[in-house]
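> Input file: run_33.cif. Contents: mmCIF, N, CA and C atoms.
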```cif
data_work
#
loop_
_atom_site.label_atom_id
_atom_site.label_comp_id
_atom_site.auth_asym_id
_atom_site.auth_seq_id
_atom_site.Cartn_x
_atom_site.Cartn_y
_atom_site.Cartn_z
N MET A 277 90.14 -35.05 -12.59
CA MET A 277 89.32 -34.98 -11.40
C MET A 277 88.67 -36.33 -11.13
N GLU A 278 88.41 -37.10 -12.17
CA GLU A 278 87.77 -38.39 -12.00
C GLU A 278 88.67 -39.36 -11.23
N ALA A 279 89.97 -39.28 -11.45
CA ALA A 279 90.91 -40.15 -10.73
C ALA A 279 90.87 -39.84 -9.24
N ARG A 280 90.77 -38.56 -8.90
CA ARG A 280 90.70 -38.18 -7.49
C ARG A 280 89.39 -38.67 -6.87
N ASP A 281 88.30 -38.62 -7.64
CA ASP A 281 87.03 -39.14 -7.14
C ASP A 281 87.13 -40.63 -6.88
N HIS A 282 87.82 -41.34 -7.77
CA HIS A 282 88.00 -42.78 -7.60
C HIS A 282 88.80 -43.07 -6.33
N GLU A 283 89.85 -42.28 -6.10
CA GLU A 283 90.66 -42.46 -4.89
C GLU A 283 89.82 -42.20 -3.64
N LEU A 284 88.99 -41.16 -3.70
CA LEU A 284 88.16 -40.82 -2.56
C LEU A 284 87.13 -41.92 -2.29
N LYS A 285 86.59 -42.51 -3.34
CA LYS A 285 85.65 -43.61 -3.17
C LYS A 285 86.34 -44.81 -2.54
N LYS A 286 87.60 -45.07 -2.97
CA LYS A 286 88.35 -46.18 -2.38
C LYS A 286 88.62 -45.92 -0.90
N GLU A 287 88.94 -44.68 -0.55
CA GLU A 287 89.17 -44.33 0.86
C GLU A 287 87.90 -44.53 1.68
N LEU A 288 86.77 -44.12 1.12
CA LEU A 288 85.50 -44.30 1.83
C LEU A 288 85.18 -45.78 2.01
N ALA A 289 85.40 -46.58 0.97
CA ALA A 289 85.15 -48.01 1.06
C ALA A 289 86.05 -48.65 2.12
N ALA A 290 87.32 -48.24 2.15
CA ALA A 290 88.24 -48.78 3.14
C ALA A 290 87.82 -48.38 4.56
N THR A 291 87.36 -47.15 4.71
CA THR A 291 86.90 -46.68 6.03
C THR A 291 85.69 -47.48 6.48
N LEU A 292 84.75 -47.70 5.56
CA LEU A 292 83.55 -48.47 5.92
C LEU A 292 83.90 -49.92 6.24
N GLN A 293 84.85 -50.49 5.50
CA GLN A 293 85.27 -51.86 5.76
C GLN A 293 85.96 -51.95 7.13
N ALA A 294 86.81 -50.96 7.44
CA ALA A 294 87.48 -50.95 8.74
C ALA A 294 86.46 -50.80 9.87
N ARG A 295 85.43 -50.01 9.65
CA ARG A 295 84.40 -49.85 10.66
C ARG A 295 83.67 -51.17 10.90
N GLY A 296 83.45 -51.92 9.82
CA GLY A 296 82.79 -53.21 9.95
C GLY A 296 83.65 -54.20 10.72
N GLU A 297 84.98 -54.13 10.50
CA GLU A 297 85.87 -55.07 11.18
C GLU A 297 86.15 -54.67 12.62
N LEU A 298 86.30 -53.34 12.86
CA LEU A 298 86.68 -52.87 14.19
C LEU A 298 85.48 -52.66 15.11
N GLY A 299 84.31 -52.40 14.54
CA GLY A 299 83.13 -52.19 15.37
C GLY A 299 82.81 -50.72 15.53
N ALA A 300 81.68 -50.48 16.18
CA ALA A 300 81.16 -49.12 16.33
C ALA A 300 81.98 -48.25 17.27
N GLU A 301 82.77 -48.87 18.16
CA GLU A 301 83.52 -48.06 19.13
C GLU A 301 84.64 -47.25 18.45
N TYR A 302 85.06 -47.63 17.26
CA TYR A 302 86.10 -46.90 16.53
C TYR A 302 85.51 -46.00 15.43
N GLU A 303 84.19 -45.89 15.40
CA GLU A 303 83.52 -45.14 14.34
C GLU A 303 83.96 -43.68 14.30
N THR A 304 84.02 -43.02 15.44
CA THR A 304 84.39 -41.61 15.48
C THR A 304 85.80 -41.39 14.96
N ALA A 305 86.73 -42.24 15.36
CA ALA A 305 88.11 -42.10 14.91
C ALA A 305 88.22 -42.34 13.40
N LEU A 306 87.49 -43.32 12.89
CA LEU A 306 87.53 -43.61 11.46
C LEU A 306 86.93 -42.47 10.65
N ILE A 307 85.82 -41.92 11.12
CA ILE A 307 85.19 -40.80 10.41
C ILE A 307 86.10 -39.58 10.43
N ASP A 308 86.71 -39.31 11.59
CA ASP A 308 87.63 -38.18 11.68
C ASP A 308 88.81 -38.34 10.72
N SER A 309 89.33 -39.55 10.63
CA SER A 309 90.44 -39.82 9.72
C SER A 309 90.03 -39.60 8.27
N PHE A 310 88.85 -40.09 7.89
CA PHE A 310 88.37 -39.91 6.53
C PHE A 310 88.14 -38.44 6.22
N LEU A 311 87.51 -37.72 7.15
CA LEU A 311 87.25 -36.30 6.93
C LEU A 311 88.54 -35.49 6.85
N GLU A 312 89.56 -35.92 7.57
CA GLU A 312 90.86 -35.26 7.48
C GLU A 312 91.46 -35.40 6.08
N LYS A 313 91.32 -36.60 5.51
CA LYS A 313 91.81 -36.82 4.14
C LYS A 313 91.03 -35.98 3.13
N VAL A 314 89.71 -35.89 3.32
CA VAL A 314 88.89 -35.06 2.43
C VAL A 314 89.30 -33.60 2.56
N GLU A 315 89.52 -33.15 3.78
CA GLU A 315 89.92 -31.76 4.02
C GLU A 315 91.27 -31.46 3.37
N GLN A 316 92.21 -32.40 3.45
CA GLN A 316 93.51 -32.21 2.82
C GLN A 316 93.36 -32.08 1.30
N ARG A 317 92.51 -32.90 0.71
CA ARG A 317 92.27 -32.82 -0.74
C ARG A 317 91.64 -31.50 -1.11
N LEU A 318 90.68 -31.05 -0.31
CA LEU A 318 90.04 -29.76 -0.57
C LEU A 318 91.04 -28.61 -0.45
N ASP A 319 91.88 -28.66 0.58
CA ASP A 319 92.90 -27.62 0.74
C ASP A 319 93.86 -27.59 -0.44
N THR A 320 94.26 -28.76 -0.90
CA THR A 320 95.17 -28.83 -2.04
C THR A 320 94.52 -28.24 -3.29
N THR A 321 93.27 -28.61 -3.53
CA THR A 321 92.56 -28.09 -4.69
C THR A 321 92.36 -26.59 -4.59
N LEU A 322 91.99 -26.11 -3.42
CA LEU A 322 91.78 -24.68 -3.23
C LEU A 322 93.08 -23.91 -3.39
N ASP A 323 94.16 -24.41 -2.81
CA ASP A 323 95.46 -23.75 -2.96
C ASP A 323 95.86 -23.66 -4.43
N ARG A 324 95.65 -24.72 -5.16
CA ARG A 324 95.99 -24.73 -6.59
C ARG A 324 95.17 -23.68 -7.34
N ARG A 325 93.89 -23.61 -7.04
CA ARG A 325 93.03 -22.63 -7.72
C ARG A 325 93.42 -21.20 -7.38
N VAL A 326 93.71 -20.95 -6.12
CA VAL A 326 94.11 -19.60 -5.71
C VAL A 326 95.42 -19.20 -6.37
N ARG A 327 96.39 -20.12 -6.38
CA ARG A 327 97.67 -19.82 -7.04
C ARG A 327 97.47 -19.53 -8.53
N ARG A 328 96.61 -20.32 -9.18
CA ARG A 328 96.35 -20.11 -10.61
C ARG A 328 95.71 -18.75 -10.85
N GLN A 329 94.73 -18.40 -10.01
CA GLN A 329 94.06 -17.13 -10.18
C GLN A 329 95.01 -15.96 -9.92
N LEU A 330 95.84 -16.07 -8.90
CA LEU A 330 96.82 -15.01 -8.63
C LEU A 330 97.81 -14.87 -9.78
N ALA A 331 98.24 -15.99 -10.33
CA ALA A 331 99.16 -15.94 -11.47
C ALA A 331 98.50 -15.28 -12.67
N GLU A 332 97.22 -15.59 -12.92
CA GLU A 332 96.50 -14.96 -14.02
C GLU A 332 96.37 -13.46 -13.80
N GLN A 333 96.07 -13.04 -12.56
CA GLN A 333 95.96 -11.62 -12.27
C GLN A 333 97.31 -10.92 -12.44
N GLN A 334 98.39 -11.55 -12.00
CA GLN A 334 99.71 -10.96 -12.16
C GLN A 334 100.09 -10.85 -13.62
N MET A 335 99.75 -11.87 -14.40
CA MET A 335 100.05 -11.83 -15.83
C MET A 335 99.27 -10.71 -16.52
N SER A 336 98.00 -10.57 -16.19
CA SER A 336 97.21 -9.52 -16.82
C SER A 336 97.68 -8.14 -16.37
N ALA A 337 98.11 -8.02 -15.11
CA ALA A 337 98.65 -6.74 -14.64
C ALA A 337 99.97 -6.43 -15.33
N ALA A 338 100.79 -7.45 -15.56
CA ALA A 338 102.07 -7.24 -16.23
C ALA A 338 101.86 -6.84 -17.69
N ARG A 339 100.79 -7.33 -18.28
CA ARG A 339 100.48 -6.96 -19.67
C ARG A 339 99.83 -5.60 -19.76
N GLY A 340 99.45 -5.04 -18.63
CA GLY A 340 98.83 -3.73 -18.61
C GLY A 340 97.34 -3.77 -18.85
N ALA A 341 96.76 -4.94 -18.74
CA ALA A 341 95.32 -5.08 -18.96
C ALA A 341 94.56 -4.55 -17.75
N ARG A 342 93.38 -4.05 -18.02
CA ARG A 342 92.53 -3.60 -16.93
C ARG A 342 91.99 -4.82 -16.19
N PRO A 343 91.83 -4.71 -14.86
CA PRO A 343 91.25 -5.84 -14.12
C PRO A 343 89.81 -6.06 -14.56
N ALA A 344 89.44 -7.31 -14.59
CA ALA A 344 88.08 -7.66 -15.02
C ALA A 344 87.07 -7.14 -14.02
N GLU A 345 85.93 -6.74 -14.53
CA GLU A 345 84.85 -6.27 -13.67
C GLU A 345 84.34 -7.46 -12.87
N SER A 346 84.47 -7.39 -11.55
CA SER A 346 84.11 -8.53 -10.72
C SER A 346 82.67 -8.44 -10.21
N TRP A 347 82.00 -7.32 -10.42
CA TRP A 347 80.64 -7.19 -9.95
C TRP A 347 79.69 -7.83 -10.94
N ARG A 348 78.76 -8.55 -10.44
CA ARG A 348 77.73 -9.12 -11.29
C ARG A 348 76.57 -8.13 -11.38
N PHE A 349 75.61 -8.44 -12.21
CA PHE A 349 74.47 -7.54 -12.43
C PHE A 349 73.76 -7.20 -11.12
N GLY A 350 73.45 -8.21 -10.32
CA GLY A 350 72.72 -7.97 -9.07
C GLY A 350 73.50 -7.14 -8.08
N GLU A 351 74.80 -7.32 -8.01
CA GLU A 351 75.63 -6.54 -7.10
C GLU A 351 75.71 -5.09 -7.57
N ARG A 352 75.74 -4.89 -8.85
CA ARG A 352 75.89 -3.55 -9.39
C ARG A 352 74.57 -2.78 -9.37
N HIS A 353 73.48 -3.45 -9.68
CA HIS A 353 72.20 -2.77 -9.84
C HIS A 353 71.18 -3.14 -8.76
N GLY A 354 71.61 -3.83 -7.74
CA GLY A 354 70.69 -4.30 -6.70
C GLY A 354 69.96 -3.19 -5.98
N LEU A 355 70.68 -2.13 -5.59
CA LEU A 355 70.05 -1.04 -4.86
C LEU A 355 69.02 -0.33 -5.74
N GLY A 356 69.34 -0.14 -7.01
CA GLY A 356 68.40 0.50 -7.92
C GLY A 356 67.13 -0.31 -8.08
N ILE A 357 67.26 -1.62 -8.20
CA ILE A 357 66.10 -2.49 -8.35
C ILE A 357 65.25 -2.47 -7.09
N VAL A 358 65.91 -2.58 -5.93
CA VAL A 358 65.18 -2.58 -4.66
C VAL A 358 64.51 -1.24 -4.45
N SER A 359 65.19 -0.14 -4.79
CA SER A 359 64.57 1.17 -4.57
C SER A 359 63.38 1.38 -5.50
N LEU A 360 63.43 0.84 -6.71
CA LEU A 360 62.27 0.96 -7.59
C LEU A 360 61.09 0.14 -7.07
N ILE A 361 61.38 -1.01 -6.49
CA ILE A 361 60.31 -1.83 -5.92
C ILE A 361 59.71 -1.12 -4.70
N LEU A 362 60.57 -0.54 -3.86
CA LEU A 362 60.08 0.16 -2.67
C LEU A 362 59.47 1.51 -3.00
N ALA A 363 59.69 2.02 -4.20
CA ALA A 363 59.15 3.33 -4.58
C ALA A 363 57.63 3.31 -4.58
N ILE A 364 57.02 2.20 -4.90
CA ILE A 364 55.56 2.13 -4.96
C ILE A 364 54.94 2.35 -3.58
N PRO A 365 55.31 1.57 -2.57
CA PRO A 365 54.69 1.84 -1.26
C PRO A 365 55.13 3.18 -0.67
N LEU A 366 56.39 3.59 -0.91
CA LEU A 366 56.82 4.89 -0.40
C LEU A 366 56.04 6.03 -1.03
N SER A 367 55.76 5.92 -2.32
CA SER A 367 54.96 6.94 -3.00
C SER A 367 53.55 6.97 -2.43
N ALA A 368 52.98 5.81 -2.21
CA ALA A 368 51.61 5.74 -1.66
C ALA A 368 51.56 6.34 -0.26
N ILE A 369 52.56 6.04 0.56
CA ILE A 369 52.60 6.59 1.92
C ILE A 369 52.77 8.11 1.86
N GLY A 370 53.66 8.56 0.99
CA GLY A 370 53.87 10.01 0.87
C GLY A 370 52.62 10.74 0.42
N VAL A 371 51.91 10.20 -0.58
CA VAL A 371 50.69 10.84 -1.07
C VAL A 371 49.60 10.79 -0.01
N ALA A 372 49.49 9.68 0.70
CA ALA A 372 48.44 9.54 1.71
C ALA A 372 48.64 10.51 2.87
N ASN A 373 49.88 10.80 3.22
CA ASN A 373 50.16 11.64 4.37
C ASN A 373 50.33 13.12 4.03
N ALA A 374 50.87 13.43 2.84
CA ALA A 374 51.18 14.83 2.55
C ALA A 374 50.90 15.19 1.10
N ASP A 375 50.04 14.50 0.44
CA ASP A 375 49.66 14.78 -0.95
C ASP A 375 50.88 14.82 -1.87
N VAL A 376 50.92 15.79 -2.78
CA VAL A 376 51.99 15.85 -3.79
C VAL A 376 53.35 16.14 -3.13
N GLU A 377 53.34 16.94 -2.07
CA GLU A 377 54.61 17.24 -1.39
C GLU A 377 55.23 15.96 -0.83
N GLY A 378 54.41 15.08 -0.28
CA GLY A 378 54.91 13.81 0.24
C GLY A 378 55.47 12.94 -0.86
N LEU A 379 54.83 12.96 -2.03
CA LEU A 379 55.33 12.21 -3.17
C LEU A 379 56.69 12.74 -3.61
N VAL A 380 56.82 14.06 -3.66
CA VAL A 380 58.09 14.68 -4.07
C VAL A 380 59.20 14.33 -3.07
N VAL A 381 58.87 14.41 -1.78
CA VAL A 381 59.88 14.09 -0.75
C VAL A 381 60.30 12.63 -0.86
N ALA A 382 59.36 11.73 -1.06
CA ALA A 382 59.69 10.31 -1.18
C ALA A 382 60.62 10.07 -2.36
N TRP A 383 60.31 10.65 -3.51
CA TRP A 383 61.15 10.44 -4.70
C TRP A 383 62.49 11.15 -4.59
N LEU A 384 62.55 12.29 -3.91
CA LEU A 384 63.85 12.93 -3.68
C LEU A 384 64.73 12.04 -2.81
N GLY A 385 64.11 11.39 -1.82
CA GLY A 385 64.88 10.46 -0.99
C GLY A 385 65.39 9.27 -1.78
N ILE A 386 64.55 8.72 -2.64
CA ILE A 386 64.95 7.57 -3.47
C ILE A 386 66.09 7.97 -4.40
N VAL A 387 65.93 9.09 -5.07
CA VAL A 387 66.96 9.56 -6.00
C VAL A 387 68.24 9.89 -5.24
N GLY A 388 68.11 10.50 -4.05
CA GLY A 388 69.29 10.86 -3.26
C GLY A 388 70.08 9.64 -2.82
N VAL A 389 69.40 8.61 -2.36
CA VAL A 389 70.09 7.38 -1.93
C VAL A 389 70.80 6.73 -3.11
N ASN A 390 70.14 6.67 -4.25
CA ASN A 390 70.76 6.06 -5.43
C ASN A 390 71.92 6.90 -5.95
N ALA A 391 71.80 8.22 -5.92
CA ALA A 391 72.89 9.08 -6.37
C ALA A 391 74.10 8.94 -5.44
N PHE A 392 73.85 8.86 -4.14
CA PHE A 392 74.94 8.67 -3.19
C PHE A 392 75.65 7.34 -3.44
N GLN A 393 74.89 6.29 -3.66
CA GLN A 393 75.48 4.97 -3.91
C GLN A 393 76.29 4.99 -5.20
N ALA A 394 75.78 5.64 -6.23
CA ALA A 394 76.51 5.71 -7.49
C ALA A 394 77.81 6.49 -7.31
N ALA A 395 77.76 7.57 -6.54
CA ALA A 395 78.96 8.37 -6.31
C ALA A 395 79.97 7.61 -5.46
N ARG A 396 79.51 6.92 -4.47
CA ARG A 396 80.40 6.17 -3.58
C ARG A 396 81.02 4.98 -4.29
N GLY A 397 80.25 4.32 -5.13
CA GLY A 397 80.73 3.13 -5.82
C GLY A 397 81.56 3.44 -7.05
N GLY A 398 81.77 4.69 -7.35
CA GLY A 398 82.58 5.04 -8.51
C GLY A 398 81.82 4.92 -9.81
N GLY A 399 80.51 5.01 -9.74
CA GLY A 399 79.70 4.87 -10.94
C GLY A 399 79.73 6.12 -11.80
N LEU A 400 78.72 6.97 -11.67
CA LEU A 400 78.57 8.13 -12.54
C LEU A 400 79.54 9.25 -12.22
N PHE A 401 79.92 9.40 -10.98
CA PHE A 401 80.66 10.58 -10.56
C PHE A 401 82.14 10.30 -10.31
N ARG A 402 82.71 9.42 -11.07
CA ARG A 402 84.11 9.08 -10.93
C ARG A 402 84.97 10.21 -11.48
N ARG A 403 86.06 10.53 -10.77
CA ARG A 403 86.96 11.58 -11.26
C ARG A 403 87.65 11.13 -12.53
N ARG A 404 88.00 12.09 -13.35
CA ARG A 404 88.60 11.81 -14.65
C ARG A 404 89.90 11.00 -14.50
N GLU A 405 90.74 11.33 -13.50
CA GLU A 405 92.00 10.61 -13.37
C GLU A 405 91.82 9.19 -12.83
N ASP A 406 90.66 8.91 -12.21
CA ASP A 406 90.38 7.57 -11.70
C ASP A 406 89.84 6.64 -12.77
N ARG A 407 89.41 7.19 -13.88
CA ARG A 407 88.84 6.37 -14.94
C ARG A 407 89.92 5.54 -15.61
N ALA A 408 89.50 4.44 -16.13
CA ALA A 408 90.44 3.57 -16.86
C ALA A 408 90.84 4.27 -18.15
N PRO A 409 92.08 4.11 -18.59
CA PRO A 409 92.50 4.75 -19.83
C PRO A 409 91.74 4.19 -21.02
N SER A 410 91.52 5.06 -21.99
CA SER A 410 90.78 4.67 -23.17
C SER A 410 91.67 3.85 -24.11
N ASP A 411 91.08 2.90 -24.78
CA ASP A 411 91.82 2.12 -25.77
C ASP A 411 92.07 2.92 -27.03
N TRP A 412 91.35 4.03 -27.23
CA TRP A 412 91.44 4.81 -28.44
C TRP A 412 92.57 5.86 -28.39
N ARG A 413 93.03 6.16 -27.18
CA ARG A 413 94.08 7.16 -27.05
C ARG A 413 95.45 6.53 -27.17
N ASP A 414 96.42 7.34 -27.55
CA ASP A 414 97.80 6.85 -27.66
C ASP A 414 98.49 6.81 -26.34
#
```
Would you mind writing the structure in this file as structure tokens?


Amino acid sequence: MEARDHELKKELAATLQARGELGAEYETALIDSFLEKVEQRLDTTLDRRVRRQLAEQQMSAARGARPAESWRFGERHGLGIVSLILAIPLSAIGVANADVEGLVVAWLGIVGVNAFQAARGGGLFRRREDRAPSDWRD
């Protein structure tokens, strides 16, 4: 990667030198040309990374490996964290307006939203045939 950075620095230096020799009237064309070269390098790098990742996924699928969990902690548990944070003001509003019944309704709503999300996302309520096969079974 360092060699590519060196080439890019040389391209930038050449562009700046050409701008100095040609003047400000060619500045837009020179910048566009330089940015085009940068974009081509980025496209090449991105294409290489995508091809490598697809090849890795195909190899793991051919080996019968389970796909890696792509969700991070925040994506997986974000709704639960946000609902716990919002539970405090919702509980206060429920108690202020309808005493214990309001508190119960607020918490039933919180639990209901989280249960629906877990069921929809394949969390707790995943069907047995949809589950990944166990490593312990033959």

> Selected by the PyMOL selection byres ((chain A and resi 305-314) around 8) in the shown coordinates: which residues, as a ChimeraX atom specification?

/A:284,287-288,291-292,294-295,300-304,315-320

> Point out the residue among A:Gly296, A:His282, A:Leu355, A:Ser336 with the least atom-to-atom distance to Phe392 of chain A, counting only C-alpha atoms.

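Under the stated criterion, the closest residue is A:Leu355.
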
> Would you kindly translate the PyMOL selection byres (((chain A and resi 390 and name CA) around 12) and name CA) into the concrete residues it picks from this file, as a list in words?

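With the shown file as input, the PyMOL selection byres (((chain A and resi 390 and name CA) around 12) and name CA) matches Arg352, His353, Gly354, Leu355, Gly356, Ile357, Val358, Ser359, Leu360, Ala363, Trp383, Leu384, Gly385, Ile386, Val387, Gly388, Val389, Ala391, Phe392, Gln393, Ala394, Ala395, Arg396, Gly397, Gly399 and Leu400 of chain A.
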
> Between atom C of Arg327 of chain A and atom N of Glu283 of chain A, measure the distance and give it in Å to one decimal.

24.1 Å

> Please write out, as lines of an AutoDock Vina configuration file, where the centre of an axis-aligned box around all listed atoms of segment 286-295 of chain A lies and how long its edges are, in Å to one decimal, after adding 6 Å on each side.


```
center_x = 86.4
center_y = -48.0
center_z = 4.0
size_x = 17.6
size_y = 19.8
size_z = 25.9
```

> Can you measure atom CA of Arg325 of chain A to atom C of Ala290 of chain A for me? One decimal in Å is fine.

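These two atoms are separated by 29.0 Å.
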
> Name all residues at most 8 Å from Gly370 of chain A (count only N, CA and C atoms; drop same-chain ones fewer than 4 positions away) and give them as an NGL selection string.

:A and (364-366 or 374-383)

> Please indicate the distance in Å from atom CA of Gly340 of chain A to atom C of Asp323 of chain A, rounded to one decimal place.

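Answer for the atom CA of Gly340 of chain A to atom C of Asp323 of chain A separation: 24.6 Å.
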